[in-house]
>>> print(open('data.tsv').read())   # TSV, C-alpha atoms and all ligand atoms
chain	number	residue	atom	x	y	z
A	51	MET	CA	71.38	105.69	112.93
A	52	SER	CA	72.17	102.64	110.87
A	53	VAL	CA	74.88	100.11	110.28
A	54	VAL	CA	75.76	100.07	106.60
A	55	THR	CA	77.14	96.84	105.16
A	56	LEU	CA	78.67	96.32	101.73
A	57	GLU	CA	78.95	92.73	100.58
A	58	HIS	CA	81.12	92.10	97.52
A	59	VAL	CA	79.85	95.23	95.82
A	60	THR	CA	80.98	95.79	92.24
A	61	LYS	CA	79.97	98.61	89.91
A	62	ARG	CA	80.98	98.90	86.27
A	63	PHE	CA	80.35	101.60	83.73
A	64	TYR	CA	80.55	100.94	80.01
A	65	GLN	CA	82.31	103.56	77.99
A	66	ASN	CA	82.32	104.14	74.29
A	67	ILE	CA	85.51	105.86	73.22
A	68	ASP	CA	85.84	106.40	69.46
A	69	GLY	CA	83.55	103.45	68.84
A	70	ALA	CA	85.60	101.14	71.06
A	71	ARG	CA	83.54	99.73	73.90
A	72	SER	CA	85.34	99.25	77.17
A	73	TYR	CA	84.41	99.42	80.80
A	74	VAL	CA	85.71	100.92	84.01
A	75	THR	CA	85.20	99.29	87.40
A	76	PRO	CA	85.11	102.14	89.92
A	77	ILE	CA	83.96	99.74	92.65
A	78	ASP	CA	85.65	96.38	92.53
A	79	ASP	CA	84.37	93.74	94.96
A	80	ILE	CA	84.25	95.87	98.10
A	81	SER	CA	83.09	94.32	101.38
A	82	MET	CA	83.01	96.39	104.56
A	83	LYS	CA	80.91	97.53	107.47
A	84	ILE	CA	80.31	101.15	108.46
A	85	HIS	CA	79.56	101.13	112.17
A	86	GLU	CA	76.64	102.83	113.81
A	87	GLY	CA	77.42	106.47	114.51
A	88	GLU	CA	80.95	106.44	113.11
A	89	VAL	CA	82.37	108.88	110.59
A	90	LEU	CA	84.15	106.92	107.90
A	91	ALA	CA	86.25	108.89	105.44
A	92	ILE	CA	86.94	107.46	102.01
A	93	LEU	CA	90.24	108.92	100.93
A	94	GLY	CA	91.83	108.43	97.55
A	95	PRO	CA	93.10	110.15	94.43
A	96	SER	CA	90.74	111.61	91.86
A	97	GLY	CA	89.03	108.96	89.74
A	98	CYS	CA	89.55	106.06	92.16
A	99	GLY	CA	85.80	105.54	92.65
A	100	LYS	CA	84.98	107.59	95.77
A	101	SER	CA	81.86	109.30	94.40
A	102	THR	CA	80.57	106.05	92.96
A	103	PHE	CA	81.01	104.46	96.41
A	104	LEU	CA	78.85	107.19	97.91
A	105	ARG	CA	76.26	107.15	95.14
A	106	LEU	CA	75.80	103.41	95.60
A	107	ILE	CA	75.07	103.86	99.31
A	108	ALA	CA	72.73	106.73	98.46
A	109	GLY	CA	70.88	104.42	96.10
A	110	LEU	CA	71.61	106.75	93.17
A	111	GLU	CA	73.43	103.86	91.47
A	112	THR	CA	72.74	100.14	91.80
A	113	PRO	CA	75.52	97.56	92.14
A	114	ASP	CA	76.16	95.16	89.27
A	115	LYS	CA	77.15	92.54	91.80
A	116	GLY	CA	76.86	92.27	95.57
A	117	GLU	CA	74.57	93.94	98.03
A	118	ILE	CA	74.30	97.00	100.26
A	119	LEU	CA	72.38	96.66	103.51
A	120	PHE	CA	71.10	99.15	106.08
A	121	ASP	CA	70.73	97.38	109.43
A	122	ASN	CA	70.91	94.02	107.66
A	123	ILE	CA	68.06	94.89	105.26
A	124	PRO	CA	69.02	95.05	101.58
A	125	LEU	CA	68.78	98.63	100.38
A	126	ASP	CA	66.55	97.73	97.44
A	127	GLN	CA	63.97	96.38	99.89
A	128	ILE	CA	63.77	99.69	101.78
A	129	GLU	CA	61.46	102.30	100.34
A	130	ILE	CA	63.30	105.42	99.30
A	131	LYS	CA	61.42	107.57	101.80
A	132	ASP	CA	62.41	105.21	104.63
A	133	ARG	CA	66.11	105.16	103.85
A	134	GLY	CA	66.73	108.37	105.75
A	135	ILE	CA	69.68	109.54	103.68
A	136	GLY	CA	71.12	113.01	104.09
A	137	MET	CA	73.55	113.94	101.37
A	138	VAL	CA	75.81	116.93	100.84
A	139	PHE	CA	77.66	117.45	97.56
A	140	GLN	CA	80.30	119.92	96.48
A	141	GLU	CA	77.60	122.06	94.91
A	142	GLY	CA	75.19	121.96	97.81
A	143	ALA	CA	73.00	119.71	99.82
A	144	LEU	CA	70.02	117.73	98.76
A	145	MET	CA	68.20	114.73	99.99
A	146	PRO	CA	67.11	112.36	97.26
A	147	HIS	CA	63.63	111.88	98.74
A	148	TRP	CA	62.99	115.58	99.22
A	149	GLU	CA	61.67	116.37	95.80
A	150	GLY	CA	58.65	118.27	97.13
A	151	TRP	CA	60.65	120.24	99.62
A	152	ARG	CA	63.18	121.17	97.04
A	153	THR	CA	60.70	122.55	94.55
A	154	VAL	CA	58.76	124.47	97.13
A	155	GLY	CA	62.00	125.68	98.67
A	156	PHE	CA	63.05	124.74	102.12
A	157	PHE	CA	63.53	128.31	103.24
A	158	LEU	CA	60.12	129.44	102.15
A	159	THR	CA	58.49	126.47	103.80
A	160	LEU	CA	60.25	127.14	107.04
A	161	ARG	CA	59.41	130.84	107.06
A	162	GLN	CA	55.78	130.28	106.24
A	163	ARG	CA	55.38	127.71	108.98
A	164	GLU	CA	57.70	129.10	111.60
A	165	ASP	CA	55.79	127.41	114.42
A	166	GLU	CA	56.53	124.03	112.83
A	167	VAL	CA	60.28	124.53	112.77
A	168	PRO	CA	61.45	121.58	114.82
A	169	ALA	CA	63.33	122.30	118.05
A	170	ARG	CA	66.11	120.28	116.51
A	171	VAL	CA	66.66	122.92	113.83
A	172	HIS	CA	67.13	125.54	116.53
A	173	ARG	CA	69.53	123.27	118.41
A	174	VAL	CA	71.51	122.56	115.22
A	175	SER	CA	71.61	126.27	114.59
A	176	GLU	CA	72.89	126.87	118.12
A	177	VAL	CA	75.62	124.22	117.89
A	178	THR	CA	76.87	125.41	114.51
A	179	GLY	CA	76.61	129.02	115.53
A	180	ILE	CA	75.56	129.68	111.92
A	181	GLY	CA	72.57	131.70	113.01
A	182	LEU	CA	70.15	129.71	110.95
A	183	GLU	CA	67.42	132.22	111.68
A	184	LYS	CA	69.55	134.94	110.15
A	185	LEU	CA	70.38	132.82	107.15
A	186	LEU	CA	66.78	131.80	106.72
A	187	ALA	CA	65.90	135.40	106.13
A	188	LYS	CA	68.14	135.33	103.07
A	189	LYS	CA	67.19	133.83	99.78
A	190	PRO	CA	69.40	130.84	98.94
A	191	ARG	CA	70.96	132.71	96.01
A	192	HIS	CA	72.13	135.39	98.41
A	193	LEU	CA	74.02	132.93	100.58
A	194	SER	CA	77.78	132.56	100.11
A	195	GLY	CA	79.17	129.14	99.15
A	196	GLY	CA	80.19	128.48	102.75
A	197	GLU	CA	76.80	129.52	104.13
A	198	ARG	CA	74.98	127.36	101.61
A	199	GLN	CA	77.00	124.29	102.60
A	200	ARG	CA	76.46	124.94	106.30
A	201	VAL	CA	72.74	125.49	105.92
A	202	GLY	CA	72.61	122.36	103.78
A	203	ILE	CA	74.33	120.31	106.45
A	204	ALA	CA	72.20	121.78	109.22
A	205	ARG	CA	69.06	121.17	107.18
A	206	ALA	CA	69.96	117.52	106.55
A	207	LEU	CA	70.86	116.98	110.21
A	208	ALA	CA	67.67	118.56	111.43
A	209	ARG	CA	65.79	115.81	109.59
A	210	ASP	CA	67.57	113.21	111.75
A	211	PRO	CA	69.03	111.08	108.92
A	212	ARG	CA	69.98	107.43	109.41
A	213	VAL	CA	72.98	107.83	107.15
A	214	PHE	CA	74.79	111.01	106.26
A	215	LEU	CA	76.82	111.13	103.05
A	216	PHE	CA	79.31	113.85	102.16
A	217	ASP	CA	80.97	114.21	98.77
A	218	GLU	CA	83.82	116.70	99.20
A	219	PRO	CA	81.36	119.29	100.55
A	220	PHE	CA	83.98	121.94	101.31
A	221	SER	CA	86.28	121.57	98.31
A	222	ASN	CA	84.93	124.67	96.55
A	223	LEU	CA	85.42	126.90	99.60
A	224	ASP	CA	88.51	128.96	100.28
A	225	ALA	CA	91.01	127.64	102.81
A	226	LYS	CA	89.85	129.67	105.81
A	227	ILE	CA	86.14	128.94	105.41
A	228	ARG	CA	87.02	125.33	104.65
A	229	SER	CA	88.81	124.81	107.94
A	230	GLN	CA	86.09	126.67	109.89
A	231	SER	CA	83.42	124.53	108.26
A	232	ARG	CA	85.39	121.40	109.11
A	233	VAL	CA	85.55	122.32	112.80
A	234	GLU	CA	81.85	123.14	112.81
A	235	LEU	CA	80.91	119.86	111.17
A	236	LYS	CA	83.03	117.96	113.67
A	237	ARG	CA	81.21	119.71	116.50
A	238	LEU	CA	77.85	118.92	114.95
A	239	LEU	CA	78.61	115.26	114.43
A	240	GLN	CA	79.75	114.98	118.02
A	241	GLU	CA	76.49	116.49	119.24
A	242	PHE	CA	74.31	114.57	116.77
A	243	PRO	CA	76.10	111.30	115.98
A	244	VAL	CA	75.02	109.88	112.62
A	245	THR	CA	76.56	107.04	110.65
A	246	SER	CA	78.49	109.09	108.10
A	247	VAL	CA	80.59	108.54	105.02
A	248	TYR	CA	82.81	111.43	104.01
A	249	VAL	CA	84.50	111.26	100.63
A	250	THR	CA	87.60	113.37	100.06
A	251	HIS	CA	90.98	113.44	98.35
A	252	ASP	CA	92.30	115.66	101.15
A	253	GLN	CA	94.00	113.68	103.89
A	254	ILE	CA	93.91	116.59	106.35
A	255	GLU	CA	90.13	116.68	106.03
A	256	ALA	CA	89.89	112.91	106.47
A	257	ILE	CA	92.15	112.99	109.53
A	258	ALA	CA	90.25	115.88	111.09
A	259	LEU	CA	86.78	114.43	110.67
A	260	ALA	CA	86.90	110.67	110.57
A	261	ASP	CA	86.92	107.95	113.19
A	262	ARG	CA	88.29	105.58	110.54
A	263	ILE	CA	89.70	106.20	107.08
A	264	GLY	CA	89.35	103.86	104.12
A	265	VAL	CA	92.15	104.43	101.64
A	266	MET	CA	90.90	103.76	98.13
A	267	ARG	CA	92.73	102.99	94.89
A	268	ASP	CA	91.36	101.82	91.54
A	269	GLY	CA	88.00	100.71	92.88
A	270	LYS	CA	89.37	98.88	95.89
A	271	ILE	CA	89.65	99.85	99.53
A	272	GLU	CA	93.26	99.13	100.31
A	273	GLN	CA	92.97	99.54	104.09
A	274	VAL	CA	90.40	100.78	106.60
A	275	ASP	CA	91.83	101.90	109.89
A	276	THR	CA	92.27	104.76	112.29
A	277	TYR	CA	94.68	107.46	111.19
A	278	HIS	CA	97.10	106.23	113.85
A	279	ASP	CA	97.17	102.70	112.43
A	280	LEU	CA	97.33	103.81	108.80
A	281	TYR	CA	100.31	105.98	109.67
A	282	HIS	CA	102.20	103.41	111.72
A	283	ASN	CA	101.06	100.21	110.04
A	284	PRO	CA	100.28	100.77	106.37
A	285	VAL	CA	99.54	97.49	104.58
A	286	ASN	CA	101.31	98.59	101.43
A	287	LEU	CA	103.46	101.26	99.84
A	288	PHE	CA	100.42	103.07	98.38
A	289	VAL	CA	98.84	103.59	101.79
A	290	GLY	CA	102.22	104.43	103.35
A	291	THR	CA	102.92	107.17	100.85
A	292	PHE	CA	99.33	108.42	100.65
A	293	ILE	CA	99.01	108.96	104.41
A	294	SER	CA	101.96	111.22	104.74
A	295	THR	CA	102.68	114.91	105.02
A	296	PRO	CA	105.49	115.57	104.34
A	297	LEU	CA	105.92	112.74	101.83
A	298	MET	CA	107.50	109.50	102.92
A	299	ASN	CA	111.02	108.91	101.59
A	300	THR	CA	111.49	105.67	99.69
A	301	PHE	CA	114.78	103.91	99.03
A	302	GLU	CA	115.32	100.98	96.69
A	303	GLY	CA	117.46	98.11	97.95
A	304	GLU	CA	117.74	94.37	98.37
A	305	VAL	CA	118.17	91.63	100.91
A	306	VAL	CA	121.75	90.57	101.58
A	307	ASP	CA	122.13	87.76	104.14
A	308	GLY	CA	119.03	88.81	106.06
A	309	LEU	CA	119.85	92.52	106.06
A	310	TRP	CA	118.39	95.31	103.95
A	311	GLN	CA	121.04	97.12	101.93
A	312	GLY	CA	120.56	100.25	99.85
A	313	THR	CA	122.75	102.89	98.27
A	314	ASN	CA	123.08	105.20	101.27
A	315	PHE	CA	121.29	103.46	104.13
A	316	GLY	CA	121.56	99.80	105.07
A	317	GLY	CA	122.34	97.06	107.54
A	318	TYR	CA	118.75	96.78	108.83
A	319	ARG	CA	117.63	93.29	109.86
A	320	LEU	CA	114.66	91.89	107.95
A	321	ARG	CA	112.30	88.95	108.34
A	322	SER	CA	114.38	85.78	108.22
A	323	ASP	CA	112.45	84.12	105.36
A	324	LEU	CA	113.51	86.66	102.73
A	325	ASP	CA	116.06	85.35	100.24
A	326	THR	CA	119.20	87.24	99.35
A	327	GLY	CA	118.57	89.26	96.21
A	328	THR	CA	114.87	89.98	96.96
A	329	ARG	CA	114.10	93.57	95.99
A	330	VAL	CA	112.79	95.51	98.98
A	331	THR	CA	111.79	99.20	99.19
A	332	LEU	CA	112.48	100.98	102.45
A	333	GLY	CA	110.14	103.79	103.54
A	334	ILE	CA	111.30	106.32	106.11
A	335	ARG	CA	109.17	109.35	106.88
A	336	PRO	CA	111.18	112.60	107.12
A	337	GLU	CA	110.18	112.93	110.79
A	338	PHE	CA	111.95	109.63	111.54
A	339	MET	CA	115.26	110.87	110.14
A	340	VAL	CA	117.59	111.87	112.95
A	341	LEU	CA	120.15	114.61	112.36
A	342	GLY	CA	123.42	114.35	114.22
A	343	PRO	CA	127.16	114.20	114.02
A	344	GLU	CA	127.04	110.59	112.76
A	345	GLY	CA	125.29	108.88	109.89
A	346	VAL	CA	124.86	109.23	106.16
A	347	GLY	CA	126.28	112.45	104.77
A	348	ALA	CA	124.21	114.56	102.40
A	349	THR	CA	124.10	118.04	100.92
A	350	VAL	CA	121.14	120.29	101.71
A	351	GLU	CA	119.50	121.43	98.47
A	352	HIS	CA	116.79	123.60	99.97
A	353	VAL	CA	115.02	124.35	103.22
A	354	THR	CA	111.24	124.92	103.60
A	355	MET	CA	109.79	126.39	106.78
A	356	PHE	CA	106.55	124.97	108.18
A	357	LEU	CA	105.79	127.58	110.82
A	358	PRO	CA	102.44	126.28	112.16
A	359	GLU	CA	103.85	122.74	112.46
A	360	ARG	CA	107.07	124.17	113.89
A	361	TYR	CA	109.63	122.36	111.79
A	362	LYS	CA	111.70	122.92	108.72
A	363	LEU	CA	111.97	120.41	105.95
A	364	LEU	CA	115.39	119.84	104.43
A	365	ALA	CA	115.55	118.42	100.92
A	366	VAL	CA	118.91	116.69	100.72
A	367	ARG	CA	121.01	114.80	98.18
A	368	GLY	CA	123.35	112.00	99.12
A	369	ASN	CA	125.09	109.47	96.96
A	370	ARG	CA	122.72	109.20	93.90
A	371	GLU	CA	119.59	109.57	96.05
A	372	HIS	CA	117.36	112.41	97.25
A	373	TRP	CA	115.38	112.45	100.47
A	374	GLU	CA	113.84	114.78	103.03
A	375	VAL	CA	114.53	115.30	106.72
A	376	THR	CA	112.65	117.39	109.28
A	377	ALA	CA	114.53	119.61	111.71
A	378	PRO	CA	113.48	121.94	114.53
A	379	LEU	CA	112.86	125.51	113.37
A	380	ASP	CA	115.94	126.75	115.19
A	381	TYR	CA	118.26	124.07	113.76
A	382	PRO	CA	121.09	126.01	112.13
A	383	VAL	CA	121.19	124.85	108.52
A	384	GLU	CA	120.95	126.33	105.05
A	385	ALA	CA	121.16	125.25	101.44
A	386	GLY	CA	124.62	124.03	100.55
A	387	ASP	CA	125.44	122.73	104.04
A	388	THR	CA	126.41	119.14	104.66
A	389	ILE	CA	124.32	117.23	107.19
A	390	HIS	CA	124.51	113.71	108.60
A	391	CYS	CA	121.49	111.60	109.44
A	392	THR	CA	120.44	108.19	110.63
A	393	ALA	CA	117.01	106.57	110.63
A	394	ASP	CA	115.07	105.99	113.84
A	395	SER	CA	114.47	102.22	113.87
A	396	ALA	CA	110.84	102.82	114.98
A	397	GLY	CA	110.18	104.46	111.62
A	398	LEU	CA	111.48	101.80	109.21
A	399	LEU	CA	108.83	100.40	106.86
A	400	PHE	CA	109.79	97.65	104.40
A	401	PHE	CA	107.79	96.83	101.27
A	402	ASP	CA	108.14	94.11	98.66
A	403	THR	CA	109.26	96.17	95.65
A	404	LYS	CA	107.36	93.97	93.17
A	405	THR	CA	103.96	93.88	94.89
A	406	GLY	CA	104.19	96.94	97.17
A	407	ARG	CA	103.04	94.78	100.08
A	408	ARG	CA	104.41	95.57	103.52
A	409	ILE	CA	106.90	92.98	104.74
A	410	GLY	CA	108.38	94.54	107.83
B	1	LIG	P1	86.29	109.87	92.27
B	1	LIG	O1	85.08	110.32	93.03
B	1	LIG	O2	87.27	109.12	93.14
B	1	LIG	O3	86.98	110.97	91.52
B	1	LIG	P2	84.39	108.54	90.51
B	1	LIG	O4	83.63	107.55	91.34
B	1	LIG	O5	83.72	109.82	90.19
B	1	LIG	O6	85.82	108.79	91.17
B	1	LIG	O7	84.78	107.86	89.14
B	1	LIG	C1	85.53	106.66	89.06
B	1	LIG	C2	85.65	106.22	87.59
B	1	LIG	O8	84.38	105.85	87.11
B	1	LIG	C3	86.17	107.30	86.68
B	1	LIG	O9	87.00	106.69	85.73
B	1	LIG	C4	84.92	107.85	86.05
B	1	LIG	O10	85.19	108.35	84.76
B	1	LIG	C5	84.04	106.61	85.95
B	1	LIG	N1	82.60	106.94	86.03
B	1	LIG	C6	81.94	107.46	87.09
B	1	LIG	N2	80.63	107.62	86.81
B	1	LIG	C7	80.44	107.19	85.53
B	1	LIG	C8	79.31	107.08	84.64
B	1	LIG	N3	78.08	107.45	85.04
B	1	LIG	N4	79.53	106.59	83.40
B	1	LIG	C9	80.76	106.19	83.00
B	1	LIG	N5	81.86	106.26	83.78
B	1	LIG	C10	81.72	106.75	85.04
>>> encode(input="data.tsv", output="structure tokens")
Amino acid sequence: MSVVTLEHVTKRFYQNIDGARSYVTPIDDISMKIHEGEVLAILGPSGCGKSTFLRLIAGLETPDKGEILFDNIPLDQIEIKDRGIGMVFQEGALMPHWEGWRTVGFFLTLRQREDEVPARVHRVSEVTGIGLEKLLAKKPRHLSGGERQRVGIARALARDPRVFLFDEPFSNLDAKIRSQSRVELKRLLQEFPVTSVYVTHDQIEAIALADRIGVMRDGKIEQVDTYHDLYHNPVNLFVGTFISTPLMNTFEGEVVDGLWQGTNFGGYRLRSDLDTGTRVTLGIRPEFMVLGPEGVGATVEHVTMFLPERYKLLAVRGNREHWEVTAPLDYPVEAGDTIHCTADSAGLLFFDTKTGRRIG
């Protein structure tokens, strides 16, 4: 297991579009440490630079600026065979230094030299419950997508990697297999802790698997924290709205004599150094909206049931604004009804409208 350190890492790609040369910067001056044995998820929208982040750590790309270190040794000073990288992609698993194994075929090798199958492979097989022995009897092309990914993960783990890298490994699987595979992987990583980076655009996956989540946007890591801290203390509006199911409500408003005032909600005290007239966006997650006899009146436009989570989500319209409110499943309400709601003060998040930065 290794500590992975990124120091001011930047990666650019030049593009030639219709003869015009420009460049993209999928990794823009990132510095961070991935602790020994932790699972770090990199979460962000498509195109933000997640795969490039992973490929740099894998040594498949080299930084234009900055340095990546494994246990304080620069990656480019570690021989490829000594890097100990296990990697699993959407399309399947491979380890960059396994060229020989890959051509010969891992399955064949294992079956021909059954007595050399490390005890670890059997243990991995036991923990995953994937019945590796059974799967080994199949040719890789006869494995389903889910089986291939699980064998790939088990295979990489059995080699005792120093760093395990995952690039959306379950995104091509259907929902049921995806959630089973997630649980299995969690179990495996608990039994065999490895410093891991897990890239995904799916926040549920990140929350389920990671010890910490790095939220990425346009080549930068906006915040690295536990799910709990990202949820309660987002550093900016992007993180606040990205870590949120259902979506966070946002309301535009401004400071008036130290209080936040908006169209429907208002009267909330803000930091004392904010001048009257400063534009401030208020974020309130639907689960922090409190239904009751008092509060802001609004018309219910539609109701969506979330049976596993045991709530219903009301989409409502008040004076010139729309927002969402959660309610218990048995709360008697339907489209067209009028409701009243207030905001739980524990759930008020204030952001500078211009910069998006959190200010309260
Ligand atoms: P993500 O994994 O978050 O979807 P990527 O790291 O794949 O993002 O890509 C980030 C940006 O870098 C995209 O704009 C992509 O087009 C660009 N990019 C990635 N790899 C290359 C490459 N080899 N050459 C040129 N542009 C690239």
>>> closest_atom_pairs(input="data.tsv", of="chain A", to="ligand LIG 1 (chain B)", cutoff="8 Å", atoms="only C-alpha atoms and all ligand atoms", output="tab-separated table")
residue	atom	partner	partner_atom	distance
A:Arg62	CA	B:LIG1	O8	7.8
A:Phe63	CA	B:LIG1	C9	4.7
A:Tyr64	CA	B:LIG1	C9	6.0
A:Gln65	CA	B:LIG1	C9	5.9
A:Tyr73	CA	B:LIG1	N5	7.9
A:Val74	CA	B:LIG1	O8	6.0
A:Thr75	CA	B:LIG1	O8	6.6
A:Pro76	CA	B:LIG1	C1	4.6
A:Ile77	CA	B:LIG1	O4	7.9
A:Gly94	CA	B:LIG1	O2	6.4
A:Pro95	CA	B:LIG1	O2	6.1
A:Ser96	CA	B:LIG1	O3	3.8
A:Gly97	CA	B:LIG1	O3	3.4
A:Cys98	CA	B:LIG1	O2	3.9
A:Gly99	CA	B:LIG1	O4	3.2
A:Lys100	CA	B:LIG1	O2	3.8
A:Ser101	CA	B:LIG1	O1	3.6
A:Thr102	CA	B:LIG1	O4	3.8
A:Phe103	CA	B:LIG1	O4	6.5
A:Val249	CA	B:LIG1	O1	7.7
A:His251	CA	B:LIG1	O2	7.7
A:Asp268	CA	B:LIG1	C1	8.0
A:Gly269	CA	B:LIG1	C1	7.5
>>> closest_atom_pairs(input="data.tsv", of="segment 382-402 of chain A", to="segment 273-295 of chain A", cutoff="12 Å", atoms="only C-alpha atoms", output="JSON lines")
{"residue": "A:Ala396", "atom": "CA", "partner": "A:His282", "partner_atom": "CA", "distance": 9.3}
{"residue": "A:Gly397", "atom": "CA", "partner": "A:His282", "partner_atom": "CA", "distance": 8.0}
{"residue": "A:Leu398", "atom": "CA", "partner": "A:His282", "partner_atom": "CA", "distance": 9.7}
{"residue": "A:Leu399", "atom": "CA", "partner": "A:Asn283", "partner_atom": "CA", "distance": 8.4}
{"residue": "A:Phe400", "atom": "CA", "partner": "A:Leu287", "partner_atom": "CA", "distance": 8.6}
{"residue": "A:Phe401", "atom": "CA", "partner": "A:Leu287", "partner_atom": "CA", "distance": 6.4}
{"residue": "A:Asp402", "atom": "CA", "partner": "A:Asn286", "partner_atom": "CA", "distance": 8.6}
>>> residues_around(input="data.tsv", residues="Leu379 of chain A", least_positions_apart="2", cutoff="6 Å", atoms="only C-alpha atoms", output="PyMOL selection string")
chain A and resi 360-362+381
>>> residues_around(input="data.tsv", residues="Asp387 of chain A", least_positions_apart="5", cutoff="9 Å", atoms="only C-alpha atoms", output="ChimeraX atom specification")
/A:348-351
>>> write_last_selection(input="data.tsv", atoms="C-alpha atoms", output="compact mmCIF listing (two decimals), in the coordinates of the input")
# COMPACT_ATOMS: atom_id res chain seq x y z
CA ALA A 348 124.21 114.56 102.40
CA THR A 349 124.10 118.04 100.92
CA VAL A 350 121.14 120.29 101.71
CA GLU A 351 119.50 121.43 98.47
>>> closest_residue(input="data.tsv", among="A:Ala225, A:Ala258, A:Ile263, A:Val138", to="Gln199 of chain A", atoms="all atoms listed in the file")
A:Val138
>>> atom_distance(input="data.tsv", atom1="atom CA of Asn66 of chain A", atom2="atom CA of Thr250 of chain A")
27.9 Å
>>> atom_distance(input="data.tsv", atom1="atom CA of Thr313 of chain A", atom2="atom CA of Met355 of chain A")
28.2 Å
>>> closest_residue(input="data.tsv", among="A:Ile409, A:Ala385, A:Leu193, A:Leu56", to="His85 of chain A", atoms="all atoms listed in the file")
A:Leu56
>>> closest_residue(input="data.tsv", among="A:Leu223, A:Val383, A:Leu215, A:Val54", to="Ala108 of chain A", atoms="only C-alpha atoms")
A:Leu215
>>> residues_around(input="data.tsv", residues="Val53 of chain A", least_positions_apart="6", cutoff="7 Å", atoms="only C-alpha atoms", output="NGL selection string")
:A and (84-86 or 120-121)
>>> residues_near_point(input="data.tsv", point="(84.9, 119.5, 114.2)", cutoff="12 Å", atoms="all atoms listed in the file", output="ChimeraX atom specification")
/A:89,177-178,228-242,255-261
>>> closest_residue(input="data.tsv", among="A:Lys404, A:Glu384, A:Gly410, A:Pro296", to="Leu320 of chain A", atoms="all atoms listed in the file")
A:Gly410
>>> atom_distance(input="data.tsv", atom1="atom CA of Ala365 of chain A", atom2="atom CA of Arg408 of chain A")
25.6 Å
>>> closest_residue(input="data.tsv", among="A:Arg209, A:Arg329, A:His58, A:Arg321", to="Met82 of chain A", atoms="only C-alpha atoms")
A:His58
>>> closest_residue(input="data.tsv", among="A:Gly136, A:Gly312, A:Gly196, A:Gly368", to="Gly109 of chain A", atoms="only C-alpha atoms")
A:Gly136
>>> residues_around(input="data.tsv", residues="Arg319 of chain A", least_positions_apart="3", cutoff="10 Å", atoms="only C-alpha atoms", output="PDB file with C-alpha atoms, in the coordinates of the input")
ATOM      1  CA  VAL A 305     118.170  91.630 100.910  1.00  0.00           C
ATOM      2  CA  VAL A 306     121.750  90.570 101.580  1.00  0.00           C
ATOM      3  CA  ASP A 307     122.130  87.760 104.140  1.00  0.00           C
ATOM      4  CA  GLY A 308     119.030  88.810 106.060  1.00  0.00           C
ATOM      5  CA  LEU A 309     119.850  92.520 106.060  1.00  0.00           C
ATOM      6  CA  TRP A 310     118.390  95.310 103.950  1.00  0.00           C
ATOM      7  CA  GLN A 311     121.040  97.120 101.930  1.00  0.00           C
ATOM      8  CA  GLY A 316     121.560  99.800 105.070  1.00  0.00           C
ATOM      9  CA  SER A 322     114.380  85.780 108.220  1.00  0.00           C
ATOM     10  CA  GLY A 410     108.380  94.540 107.830  1.00  0.00           C
TER      11      GLY A 410
END
>>> decode(input="data.tsv", residues="segment 292-302 of chain A", atoms="N, CA and C atoms", output="compact mmCIF listing (two decimals), in the first residue's frame")
# COMPACT_ATOMS: atom_id res chain seq x y z
N PHE A 292 -23.91 19.69 -6.43
CA PHE A 292 -23.50 18.40 -7.00
C PHE A 292 -23.75 17.27 -6.01
N ILE A 293 -23.47 17.52 -4.73
CA ILE A 293 -23.69 16.50 -3.70
C ILE A 293 -25.10 16.69 -3.19
N SER A 294 -26.04 16.13 -3.87
CA SER A 294 -27.41 16.42 -3.50
C SER A 294 -28.39 15.57 -4.28
N THR A 295 -29.09 14.70 -3.59
CA THR A 295 -30.23 14.01 -4.20
C THR A 295 -31.33 14.01 -3.16
N PRO A 296 -32.45 14.57 -3.34
CA PRO A 296 -32.84 15.38 -4.49
C PRO A 296 -32.04 16.68 -4.57
N LEU A 297 -32.19 17.39 -5.68
CA LEU A 297 -31.39 18.59 -5.92
C LEU A 297 -31.63 19.68 -4.89
N MET A 298 -30.57 20.40 -4.58
CA MET A 298 -30.71 21.51 -3.64
C MET A 298 -31.51 22.65 -4.30
N ASN A 299 -32.41 23.26 -3.55
CA ASN A 299 -33.11 24.44 -4.04
C ASN A 299 -32.19 25.65 -3.92
N THR A 300 -32.23 26.53 -4.91
CA THR A 300 -31.46 27.77 -4.77
C THR A 300 -32.40 28.96 -4.97
N PHE A 301 -32.16 29.99 -4.18
CA PHE A 301 -33.00 31.20 -4.24
C PHE A 301 -32.08 32.41 -4.34
N GLU A 302 -32.38 33.28 -5.31
CA GLU A 302 -31.58 34.50 -5.45
C GLU A 302 -32.09 35.55 -4.48
